[in-house]
Amino acid sequence: MQQVSKKVILIGNFGVGKTSLVRRFVYQKFSEEYLTTLGVKIDKKSVEIKEKNTIANLIIWDIAGEVSQTQVPQSYYLGSHGVIYVLDITRPSTYTRIQEDLDYVKRLLPKAPICIVGNKVDLVSAQDIEKFKSSVMIPVHFLTSAKDGSNVESMFLWIASQMIG
Amino acid sequence: MRSFKYIDRYKQNYKNKRIQFVLFDLQGNIIESCDTLVNISLYQDVSIFDLSPFLESIKDVLASLILNPDKIELPLTYPRLEIPLLTREGVFDYSFETFTHPETKEKYIVWIIEDNTDLYQYLWKVQQERNETAIRKELIVIQTQKIIQLHRSLQEKTHELHVKEYELKNQLVYTQKVQQTLLANSNKLNTWFADHFVLFLPKNTATSSLYYANQIKHNQQTLQFVSLLHCTASGITGSFLTTTAIFFLREIIEIEQLIQPHLVLDSLRSKLLNIFQIENKQFIENLEIALLCIDTAQEQISFASAKTPLWLIQQSNLQKHEGSNFLLLCPDDQFTPFEQSVLPLYPCTKLYLTTQGYLAQTNIEQLPIGVSHFENLILQHAEQSMAEQKQILHAFFEQWKIHQEQTDDVLVIGLQPIGV
């Protein structure tokens with residue numbers, strides 16, 4: 001099996017659950033306490049992509065939340081192979097600027113796959129989810145819960161597979 | 001240039017606590033390190049890119065610094081890295097520049113590490129508070145909007161309910177009016193019978209207890225029919241079934257001219273089962289019914305019933321005739337043809353029918369009036385006028401019930417046939 005290292009960045013508004021998603025994926029842990037990320041935290045985890053006979057060493061950059069992703073230092077984006085854009089389903093303000101942010105990211109990283117994730121699905125009803133999907137107006141790849149783990153693994157596996165190509 | 005002996009020393013101490021410089025090549029070989037923060041020199045046999053996932057992930061970017069210098073703006077800075085520097089925890093700012101060896105012209109990467117943990121700890125608190133406040137405010141606004149929406153929705157639903165309530169009331173009033181038109185009025189009863197009373201205390205606007213009375217001519221005979229009906233279900237369902245049954249009774253007796261009470265009940269059962277298309281199934285709503293046919297010329301009473309007895313007082317004796325012991329719309333496997341009693345009609349015979357509503361009314365101790373009290377009342381006061389008997393029965397009912405809720409519709413009929 002071949003091994004590749006891939007840099008994937010998590011971006012999005014503050015408080016959407018980026019750090020919690022990484023913590024859940026890397027350490028299988030979750031905490032209700034909100035602790036803001038100041039700059040960037042970096043973790044590493046290897047995943048096996050069987051269909052591509054590859055082990056992907058994911059170097060995960062958990063980037064501090066900003067209202068606009070243009071506020072993120074450009075150096076953080078350099079060399080990224082994939083992007084995970086995280087929204088908080090319960091807070092519409094976290095997806096009001098989604099199109100502008102995605103346009104900006106695509107200009108910086110034209111070849112990088114982008115995974116749109118709606119987090120905190122454990123806090124909402126099916127009705128709320130439908131309302132959220134129609135408000136976002138772009139396809140959401142995954143609805144996740146860092147709290148109960150739903151779709152977290154699948155989401156990282158998907159982006160890993162997309163980055164390998 | 002002036003030299004600052006003490007300041008320079010202080011500057012050196014200050015920098016040593018906070019800044020480290022490392023020189024390495026594109027392969028990750030450590031060329032030099034001042035080791036002021038951590039002892040990177042210990043790892044000279046290891047590629048620097050293996051020392052940290054951060055460095056591993058920017059390997060290509062650093063290569064571009066040297067190989068494609070126009071592509072990346074210098075210095076290349078990474079502020080606020082919340083990652084350990086080997087064994088040293090903290091928040092660091094990293095910068096990368098290029099360095100060309102003056103003699104060999106080899107190009108190297110200069111890694112400038114600044115430990116700004118103290119500064120960022122303060123900034124972290126400010127940012128934490130700012131973010132928490134912003135999130136809290138947003139969630140409050142969202143909750144408030146949800147409550148307003150819910151309130152609006154409740155208001156709309158309340159309005160809808162009021163409209164439906166109004167429509168339902170109208171329907172009930174209409175049903176009540178229809179039922180009232182079906183009931184034989186007092187004047188007619190006065191002409192058919194020597195004396196009578198109808199004690200009718202509906203529990204709701206639309207009642208599930210009704211009576212039917214009529215006089216018909218059949219083959220030179222003049223026959224009086226009296227029927228008392230009660231549906232076991234209350235409300236609109238009960239009143240609908242009872243009302244339908246009355247319509248059918250009229251059809252069977254007045255148009256089809258069926259005069260034997262047991263045959264009338266058989267026919268009524270068939271018609272109701274047919275219209276509701278229930279075959280051999282348990283009816284949720286059911287009917288208690290008694291039907292009398294009084295033939296004063298032949299001096300006889302024919303009686304058939306489903307779970308509704310007839311009381312007769314003749315020559316100071318009280319008789320009770322039970323009728324059939326099943327409900328009108330019972331399943332086929334419980335049904336047998338209705339029994340008919342043919343009773344002689346003596347002078348001054350008094351006839352009484354009642355629904356369960358009177359007998360089952362409970363008092364404060366949850367005790368029902370019961371058959372015994374009812375029989376005592378009618379026997380004790382049989383010699384009084386029907387109007388007086390009605391008053392007595394009504395007064396007893398109210399006294400028994402006192403502050404309790406009326407449990408069901410009350411319908412008691414007393415009759416004294418004419419001319420015997």
# chains A, B, ... in the order shown; residues from 1 in each chain; ligands from 1
>>> select_by_dssp(residues="segment 48-213 of chain B", states="strand (DSSP E or B)", output="ChimeraX atom specification")
/B:76-81,85,88,92-100,107-115,193-201,209-213
>>> write_last_selection(atoms="C-alpha atoms", output="PDB file, in the first residue's frame")
ATOM      1  CA  LEU B  76       6.464  33.582   5.024  1.00  0.00           C
ATOM      2  CA  THR B  77       4.730  33.849   8.382  1.00  0.00           C
ATOM      3  CA  TYR B  78       2.525  31.512  10.353  1.00  0.00           C
ATOM      4  CA  PRO B  79       1.133  33.353  13.336  1.00  0.00           C
ATOM      5  CA  ARG B  80      -0.504  31.884  16.433  1.00  0.00           C
ATOM      6  CA  LEU B  81       0.414  28.242  16.061  1.00  0.00           C
ATOM      7  CA  LEU B  85       7.584  23.002  19.587  1.00  0.00           C
ATOM      8  CA  ARG B  88       7.764  23.002  24.560  1.00  0.00           C
ATOM      9  CA  PHE B  92       4.279  30.418  18.545  1.00  0.00           C
ATOM     10  CA  ASP B  93       4.734  32.635  15.554  1.00  0.00           C
ATOM     11  CA  TYR B  94       6.861  31.067  12.849  1.00  0.00           C
ATOM     12  CA  SER B  95       8.515  32.933  10.007  1.00  0.00           C
ATOM     13  CA  PHE B  96      10.550  31.511   7.170  1.00  0.00           C
ATOM     14  CA  GLU B  97      13.092  33.327   5.079  1.00  0.00           C
ATOM     15  CA  THR B  98      15.792  32.248   2.667  1.00  0.00           C
ATOM     16  CA  PHE B  99      19.489  32.517   3.311  1.00  0.00           C
ATOM     17  CA  THR B 100      22.274  32.202   0.757  1.00  0.00           C
ATOM     18  CA  LYS B 107      20.384  28.278  -0.314  1.00  0.00           C
ATOM     19  CA  TYR B 108      18.922  27.485   3.043  1.00  0.00           C
ATOM     20  CA  ILE B 109      15.721  28.128   4.950  1.00  0.00           C
ATOM     21  CA  VAL B 110      15.867  30.301   8.042  1.00  0.00           C
ATOM     22  CA  TRP B 111      13.192  29.339  10.508  1.00  0.00           C
ATOM     23  CA  ILE B 112      12.455  32.070  13.043  1.00  0.00           C
ATOM     24  CA  ILE B 113      10.507  30.856  16.037  1.00  0.00           C
ATOM     25  CA  GLU B 114       8.915  33.357  18.393  1.00  0.00           C
ATOM     26  CA  ASP B 115       7.319  32.198  21.597  1.00  0.00           C
ATOM     27  CA  PHE B 193    -102.763   9.561  25.563  1.00  0.00           C
ATOM     28  CA  ALA B 194    -104.900  10.213  28.612  1.00  0.00           C
ATOM     29  CA  ASP B 195    -101.900  11.512  30.430  1.00  0.00           C
ATOM     30  CA  HIS B 196     -98.188  11.523  29.865  1.00  0.00           C
ATOM     31  CA  PHE B 197     -94.890  13.090  30.800  1.00  0.00           C
ATOM     32  CA  VAL B 198     -91.535  13.319  29.139  1.00  0.00           C
ATOM     33  CA  LEU B 199     -88.661  14.103  31.467  1.00  0.00           C
ATOM     34  CA  PHE B 200     -85.944  15.077  28.994  1.00  0.00           C
ATOM     35  CA  LEU B 201     -82.636  16.401  30.341  1.00  0.00           C
ATOM     36  CA  SER B 209     -81.218   9.979  23.659  1.00  0.00           C
ATOM     37  CA  LEU B 210     -84.416  10.537  21.716  1.00  0.00           C
ATOM     38  CA  TYR B 211     -87.975   9.271  21.669  1.00  0.00           C
ATOM     39  CA  TYR B 212     -90.445   8.605  18.929  1.00  0.00           C
ATOM     40  CA  ALA B 213     -94.204   8.700  19.259  1.00  0.00           C
TER      41      ALA B 213
END
>>> interface_residues(of="chain B", to="chain A", cutoff="10 Å", atoms="only C-alpha atoms", output="short mmCIF file (atom, residue, chain, number, x, y, z; two decimals) with N, CA and C atoms, in the first residue's frame")
data_model
loop_
_atom_site.label_atom_id
_atom_site.label_comp_id
_atom_site.auth_asym_id
_atom_site.auth_seq_id
_atom_site.Cartn_x
_atom_site.Cartn_y
_atom_site.Cartn_z
N SER B 52 7.86 17.47 13.11
CA SER B 52 6.55 18.05 13.41
C SER B 52 5.63 17.93 12.19
N PRO B 53 4.35 17.55 12.41
CA PRO B 53 3.39 17.48 11.30
C PRO B 53 3.27 18.82 10.58
N PHE B 54 3.46 19.91 11.34
CA PHE B 54 3.38 21.23 10.71
C PHE B 54 4.43 21.36 9.63
N GLU B 56 6.09 18.99 8.18
CA GLU B 56 5.84 17.98 7.14
C GLU B 56 4.82 18.53 6.12
N SER B 57 3.81 19.25 6.63
CA SER B 57 2.74 19.70 5.75
C SER B 57 3.12 20.92 4.92
N ILE B 58 4.22 21.62 5.27
CA ILE B 58 4.60 22.80 4.47
C ILE B 58 5.90 22.57 3.71
N LYS B 59 6.28 21.32 3.61
CA LYS B 59 7.55 20.96 2.95
C LYS B 59 7.60 21.52 1.53
N ASP B 60 6.52 21.32 0.79
CA ASP B 60 6.50 21.78 -0.61
C ASP B 60 6.51 23.30 -0.67
N VAL B 61 5.85 23.92 0.28
CA VAL B 61 5.81 25.40 0.32
C VAL B 61 7.20 25.94 0.56
N LEU B 62 7.93 25.31 1.47
CA LEU B 62 9.29 25.76 1.77
C LEU B 62 10.21 25.53 0.56
N ILE B 72 6.11 33.03 -3.81
CA ILE B 72 5.66 33.25 -2.44
C ILE B 72 6.29 34.51 -1.88
N GLU B 73 5.46 35.28 -1.25
CA GLU B 73 5.91 36.54 -0.67
C GLU B 73 6.69 36.27 0.62
N LEU B 76 7.63 34.46 4.93
CA LEU B 76 6.46 33.58 5.02
C LEU B 76 6.15 33.40 6.51
N THR B 77 5.01 33.88 6.95
CA THR B 77 4.73 33.85 8.38
C THR B 77 3.52 32.97 8.71
N TYR B 78 3.62 32.32 9.82
CA TYR B 78 2.52 31.51 10.35
C TYR B 78 2.30 31.96 11.79
N PRO B 79 1.33 32.86 11.97
CA PRO B 79 1.13 33.35 13.34
C PRO B 79 0.23 32.43 14.16
N ARG B 80 0.41 32.52 15.48
CA ARG B 80 -0.50 31.88 16.43
C ARG B 80 -0.64 30.36 16.24
N LEU B 81 0.46 29.70 16.19
CA LEU B 81 0.41 28.24 16.06
C LEU B 81 0.30 27.63 17.45
N GLU B 82 -0.83 27.00 17.69
CA GLU B 82 -1.07 26.38 19.00
C GLU B 82 -0.61 24.93 18.96
N ILE B 83 0.65 24.75 18.62
CA ILE B 83 1.21 23.41 18.52
C ILE B 83 2.51 23.39 19.30
N PRO B 84 2.83 22.26 19.92
CA PRO B 84 4.08 22.22 20.69
C PRO B 84 5.30 22.30 19.78
N VAL B 91 2.21 29.02 22.38
CA VAL B 91 1.64 29.56 21.14
C VAL B 91 2.77 30.32 20.45
N PHE B 92 3.08 29.92 19.23
CA PHE B 92 4.28 30.42 18.55
C PHE B 92 3.92 31.11 17.25
N ASP B 93 4.78 32.05 16.90
CA ASP B 93 4.73 32.64 15.55
C ASP B 93 5.96 32.12 14.81
N TYR B 120 -0.39 35.83 23.72
CA TYR B 120 -1.57 35.18 23.14
C TYR B 120 -2.52 34.67 24.21
N GLN B 121 -2.01 34.39 25.37
CA GLN B 121 -2.91 33.97 26.46
C GLN B 121 -3.90 35.08 26.76
N LEU B 123 -4.71 37.51 24.63
CA LEU B 123 -5.56 37.67 23.45
C LEU B 123 -6.63 36.56 23.38
N TRP B 124 -6.20 35.38 23.84
CA TRP B 124 -7.13 34.25 23.83
C TRP B 124 -8.34 34.56 24.71
N LYS B 125 -8.07 35.14 25.88
CA LYS B 125 -9.19 35.47 26.80
C LYS B 125 -10.13 36.46 26.13
N GLN B 127 -10.57 37.00 22.94
CA GLN B 127 -11.28 36.36 21.82
C GLN B 127 -12.35 35.39 22.32
N GLN B 128 -12.00 34.66 23.36
CA GLN B 128 -12.95 33.69 23.93
C GLN B 128 -14.22 34.42 24.36
N GLU B 129 -14.02 35.54 25.08
CA GLU B 129 -15.18 36.28 25.58
C GLU B 129 -15.98 36.85 24.42
N ARG B 130 -15.26 37.40 23.46
CA ARG B 130 -15.93 37.99 22.29
C ARG B 130 -16.78 36.94 21.57
N ASN B 131 -16.20 35.79 21.34
CA ASN B 131 -16.92 34.73 20.61
C ASN B 131 -18.10 34.21 21.41
N GLU B 132 -17.88 33.97 22.70
CA GLU B 132 -18.96 33.45 23.55
C GLU B 132 -20.14 34.42 23.56
N ALA B 134 -20.89 36.69 21.31
CA ALA B 134 -21.51 36.74 19.98
C ALA B 134 -22.42 35.52 19.78
N ILE B 135 -21.95 34.35 20.20
CA ILE B 135 -22.73 33.12 20.03
C ILE B 135 -23.97 33.19 20.90
N GLU B 138 -26.51 35.55 19.48
CA GLU B 138 -27.15 34.99 18.27
C GLU B 138 -28.18 33.94 18.66
N LEU B 139 -27.83 33.08 19.60
CA LEU B 139 -28.75 32.02 20.00
C LEU B 139 -29.99 32.60 20.68
N ILE B 142 -32.18 33.85 17.95
CA ILE B 142 -32.81 32.71 17.26
C ILE B 142 -33.96 32.15 18.11
#
>>> residues_around(residues="segment 84-89 of chain A", least_positions_apart="5", cutoff="6 Å", atoms="only C-alpha atoms", output="PyMOL selection string")
chain A and resi 10-12+16+94+114-119
>>> select_by_dssp(residues="segment 83-165 of chain B", states="helix (DSSP H, G or I)", output="ChimeraX atom specification")
/B:117-165
>>> residues_around(residues="Val4 of chain A", least_positions_apart="6", cutoff="8 Å", atoms="only C-alpha atoms", output="PDB file with C-alpha atoms, in the first residue's frame")
ATOM      1  CA  THR A  54      -3.482   3.962  -0.150  1.00  0.00           C
ATOM      2  CA  ILE A  55      -2.779   5.069   3.391  1.00  0.00           C
ATOM      3  CA  ALA A  56      -3.395   8.778   3.673  1.00  0.00           C
ATOM      4  CA  ASN A  57      -1.540  10.588   6.443  1.00  0.00           C
TER       5      ASN A  57
END
>>> residues_around(residues="Tyr43 of chain B", least_positions_apart="2", cutoff="12 Å", atoms="only C-alpha atoms", output="ChimeraX atom specification")
/B:22,24,28-33,35,38-41,45-52,86
>>> write_last_selection(atoms="C-alpha atoms", output="mmCIF file, in the first residue's frame")
data_model
loop_
_atom_site.group_PDB
_atom_site.id
_atom_site.type_symbol
_atom_site.label_atom_id
_atom_site.label_comp_id
_atom_site.auth_asym_id
_atom_site.auth_seq_id
_atom_site.Cartn_x
_atom_site.Cartn_y
_atom_site.Cartn_z
ATOM 1 C CA VAL B 22 17.170 27.500 12.899
ATOM 2 C CA PHE B 24 18.114 23.985 7.476
ATOM 3 C CA GLY B 28 15.490 18.892 6.161
ATOM 4 C CA ASN B 29 19.072 18.683 7.393
ATOM 5 C CA ILE B 30 19.637 21.022 10.337
ATOM 6 C CA ILE B 31 22.628 23.215 9.592
ATOM 7 C CA GLU B 32 22.565 25.483 12.648
ATOM 8 C CA SER B 33 20.270 26.197 15.584
ATOM 9 C CA ASP B 35 18.584 26.386 20.645
ATOM 10 C CA VAL B 38 14.371 24.025 22.467
ATOM 11 C CA ASN B 39 17.387 21.861 21.685
ATOM 12 C CA ILE B 40 16.745 21.187 18.006
ATOM 13 C CA SER B 41 20.445 20.504 17.466
ATOM 14 C CA ASP B 45 20.515 13.106 12.344
ATOM 15 C CA VAL B 46 16.808 13.420 11.649
ATOM 16 C CA SER B 47 15.044 15.353 8.909
ATOM 17 C CA ILE B 48 13.440 18.455 10.383
ATOM 18 C CA PHE B 49 10.279 17.583 8.458
ATOM 19 C CA ASP B 50 9.881 14.497 10.626
ATOM 20 C CA LEU B 51 9.982 16.538 13.810
ATOM 21 C CA SER B 52 6.553 18.045 13.409
ATOM 22 C CA LEU B 86 9.017 19.585 20.215
#
>>> closest_residue(among="B:His403, B:Arg2, B:His262, B:Arg250", to="Glu339 of chain B", atoms="only C-alpha atoms")
B:His262
>>> residues_around(residues="Ile236 of chain B", least_positions_apart="4", cutoff="9 Å", atoms="only C-alpha atoms", output="list of chain:residue names")
B:Leu172, B:Thr175, B:Ala206, B:Thr207, B:Ser208, B:Phe240, B:Leu241
>>> atom_distance(atom1="atom CA of Gln406 of chain B", atom2="atom CA of Thr232 of chain B")
15.3 Å
>>> atom_distance(atom1="atom CA of Leu229 of chain B", atom2="atom CA of Leu291 of chain B")
8.8 Å
>>> residues_around(residues="Ile364 of chain B", least_positions_apart="6", cutoff="8 Å", atoms="only C-alpha atoms", output="ChimeraX atom specification")
/B:401-404
>>> write_last_selection(atoms="C-alpha atoms", output="CSV table (one decimal), in the first residue's frame")
chain,number,residue,atom,x,y,z
B,401,LYS,CA,-77.0,14.5,41.7
B,402,ILE,CA,-76.7,17.7,43.8
B,403,HIS,CA,-73.3,19.2,42.7
B,404,GLN,CA,-72.2,16.2,40.7
>>> atom_distance(atom1="atom CA of His321 of chain B", atom2="atom CA of Asp266 of chain B")
18.8 Å
>>> decode(residues="segment 118-145 of chain A", atoms="N, CA and C atoms", output="PDB file, in the first residue's frame")
ATOM      1  N   GLY A 118     -22.382  20.381   7.569  1.00  0.00           N
ATOM      2  CA  GLY A 118     -23.289  21.008   8.531  1.00  0.00           C
ATOM      3  C   GLY A 118     -23.156  20.269   9.845  1.00  0.00           C
ATOM      4  N   ASN A 119     -22.608  20.934  10.852  1.00  0.00           N
ATOM      5  CA  ASN A 119     -22.336  20.273  12.128  1.00  0.00           C
ATOM      6  C   ASN A 119     -23.438  20.555  13.150  1.00  0.00           C
ATOM      7  N   LYS A 120     -23.423  19.782  14.213  1.00  0.00           N
ATOM      8  CA  LYS A 120     -24.385  19.881  15.328  1.00  0.00           C
ATOM      9  C   LYS A 120     -25.767  19.355  14.947  1.00  0.00           C
ATOM     10  N   VAL A 121     -25.796  18.319  14.120  1.00  0.00           N
ATOM     11  CA  VAL A 121     -27.063  17.757  13.671  1.00  0.00           C
ATOM     12  C   VAL A 121     -27.833  17.123  14.841  1.00  0.00           C
ATOM     13  N   ASP A 122     -27.133  16.823  15.931  1.00  0.00           N
ATOM     14  CA  ASP A 122     -27.794  16.234  17.097  1.00  0.00           C
ATOM     15  C   ASP A 122     -28.713  17.225  17.800  1.00  0.00           C
ATOM     16  N   LEU A 123     -28.565  18.519  17.489  1.00  0.00           N
ATOM     17  CA  LEU A 123     -29.341  19.531  18.190  1.00  0.00           C
ATOM     18  C   LEU A 123     -30.613  19.933  17.443  1.00  0.00           C
ATOM     19  N   VAL A 124     -30.831  19.356  16.264  1.00  0.00           N
ATOM     20  CA  VAL A 124     -31.948  19.853  15.450  1.00  0.00           C
ATOM     21  C   VAL A 124     -32.903  18.734  15.064  1.00  0.00           C
ATOM     22  N   SER A 125     -34.114  19.161  14.674  1.00  0.00           N
ATOM     23  CA  SER A 125     -35.125  18.203  14.232  1.00  0.00           C
ATOM     24  C   SER A 125     -35.027  18.036  12.710  1.00  0.00           C
ATOM     25  N   ALA A 126     -35.760  17.072  12.192  1.00  0.00           N
ATOM     26  CA  ALA A 126     -35.775  16.842  10.741  1.00  0.00           C
ATOM     27  C   ALA A 126     -36.295  18.083  10.015  1.00  0.00           C
ATOM     28  N   GLN A 127     -37.246  18.747  10.647  1.00  0.00           N
ATOM     29  CA  GLN A 127     -37.810  19.966  10.054  1.00  0.00           C
ATOM     30  C   GLN A 127     -36.745  21.053   9.959  1.00  0.00           C
ATOM     31  N   ASP A 128     -35.961  21.184  11.037  1.00  0.00           N
ATOM     32  CA  ASP A 128     -34.884  22.185  11.065  1.00  0.00           C
ATOM     33  C   ASP A 128     -33.862  21.880   9.977  1.00  0.00           C
ATOM     34  N   ILE A 129     -33.578  20.591   9.770  1.00  0.00           N
ATOM     35  CA  ILE A 129     -32.595  20.195   8.758  1.00  0.00           C
ATOM     36  C   ILE A 129     -33.073  20.621   7.372  1.00  0.00           C
ATOM     37  N   GLU A 130     -34.356  20.397   7.091  1.00  0.00           N
ATOM     38  CA  GLU A 130     -34.905  20.792   5.784  1.00  0.00           C
ATOM     39  C   GLU A 130     -34.815  22.300   5.594  1.00  0.00           C
ATOM     40  N   LYS A 131     -35.111  23.013   6.676  1.00  0.00           N
ATOM     41  CA  LYS A 131     -35.042  24.483   6.628  1.00  0.00           C
ATOM     42  C   LYS A 131     -33.601  24.926   6.371  1.00  0.00           C
ATOM     43  N   PHE A 132     -32.666  24.245   7.050  1.00  0.00           N
ATOM     44  CA  PHE A 132     -31.243  24.568   6.907  1.00  0.00           C
ATOM     45  C   PHE A 132     -30.790  24.342   5.461  1.00  0.00           C
ATOM     46  N   LYS A 133     -31.148  23.171   4.909  1.00  0.00           N
ATOM     47  CA  LYS A 133     -30.710  22.837   3.543  1.00  0.00           C
ATOM     48  C   LYS A 133     -31.235  23.859   2.549  1.00  0.00           C
ATOM     49  N   SER A 134     -32.475  24.293   2.738  1.00  0.00           N
ATOM     50  CA  SER A 134     -33.012  25.271   1.776  1.00  0.00           C
ATOM     51  C   SER A 134     -32.401  26.651   1.998  1.00  0.00           C
ATOM     52  N   SER A 135     -31.975  26.962   3.224  1.00  0.00           N
ATOM     53  CA  SER A 135     -31.343  28.265   3.481  1.00  0.00           C
ATOM     54  C   SER A 135     -29.935  28.329   2.900  1.00  0.00           C
ATOM     55  N   VAL A 136     -29.197  27.214   2.984  1.00  0.00           N
ATOM     56  CA  VAL A 136     -27.799  27.220   2.552  1.00  0.00           C
ATOM     57  C   VAL A 136     -27.689  27.403   1.034  1.00  0.00           C
ATOM     58  N   MET A 137     -28.583  26.823   0.315  1.00  0.00           N
ATOM     59  CA  MET A 137     -28.677  26.993  -1.144  1.00  0.00           C
ATOM     60  C   MET A 137     -27.527  26.369  -1.932  1.00  0.00           C
ATOM     61  N   ILE A 138     -26.623  25.658  -1.239  1.00  0.00           N
ATOM     62  CA  ILE A 138     -25.619  24.865  -1.976  1.00  0.00           C
ATOM     63  C   ILE A 138     -25.614  23.478  -1.359  1.00  0.00           C
ATOM     64  N   PRO A 139     -25.213  22.475  -2.117  1.00  0.00           N
ATOM     65  CA  PRO A 139     -25.272  21.121  -1.558  1.00  0.00           C
ATOM     66  C   PRO A 139     -24.326  20.956  -0.370  1.00  0.00           C
ATOM     67  N   VAL A 140     -24.873  20.374   0.683  1.00  0.00           N
ATOM     68  CA  VAL A 140     -24.077  20.072   1.865  1.00  0.00           C
ATOM     69  C   VAL A 140     -23.681  18.597   1.772  1.00  0.00           C
ATOM     70  N   HIS A 141     -22.393  18.330   1.904  1.00  0.00           N
ATOM     71  CA  HIS A 141     -21.932  16.954   1.715  1.00  0.00           C
ATOM     72  C   HIS A 141     -22.275  16.063   2.890  1.00  0.00           C
ATOM     73  N   PHE A 142     -22.107  16.597   4.100  1.00  0.00           N
ATOM     74  CA  PHE A 142     -22.336  15.789   5.286  1.00  0.00           C
ATOM     75  C   PHE A 142     -23.019  16.598   6.376  1.00  0.00           C
ATOM     76  N   LEU A 143     -23.905  15.915   7.111  1.00  0.00           N
ATOM     77  CA  LEU A 143     -24.463  16.484   8.335  1.00  0.00           C
ATOM     78  C   LEU A 143     -23.839  15.700   9.475  1.00  0.00           C
ATOM     79  N   THR A 144     -23.090  16.373  10.288  1.00  0.00           N
ATOM     80  CA  THR A 144     -22.303  15.663  11.294  1.00  0.00           C
ATOM     81  C   THR A 144     -22.690  16.067  12.704  1.00  0.00           C
ATOM     82  N   SER A 145     -22.249  15.241  13.633  1.00  0.00           N
ATOM     83  CA  SER A 145     -22.334  15.607  15.034  1.00  0.00           C
ATOM     84  C   SER A 145     -21.017  15.199  15.681  1.00  0.00           C
TER      85      SER A 145
END
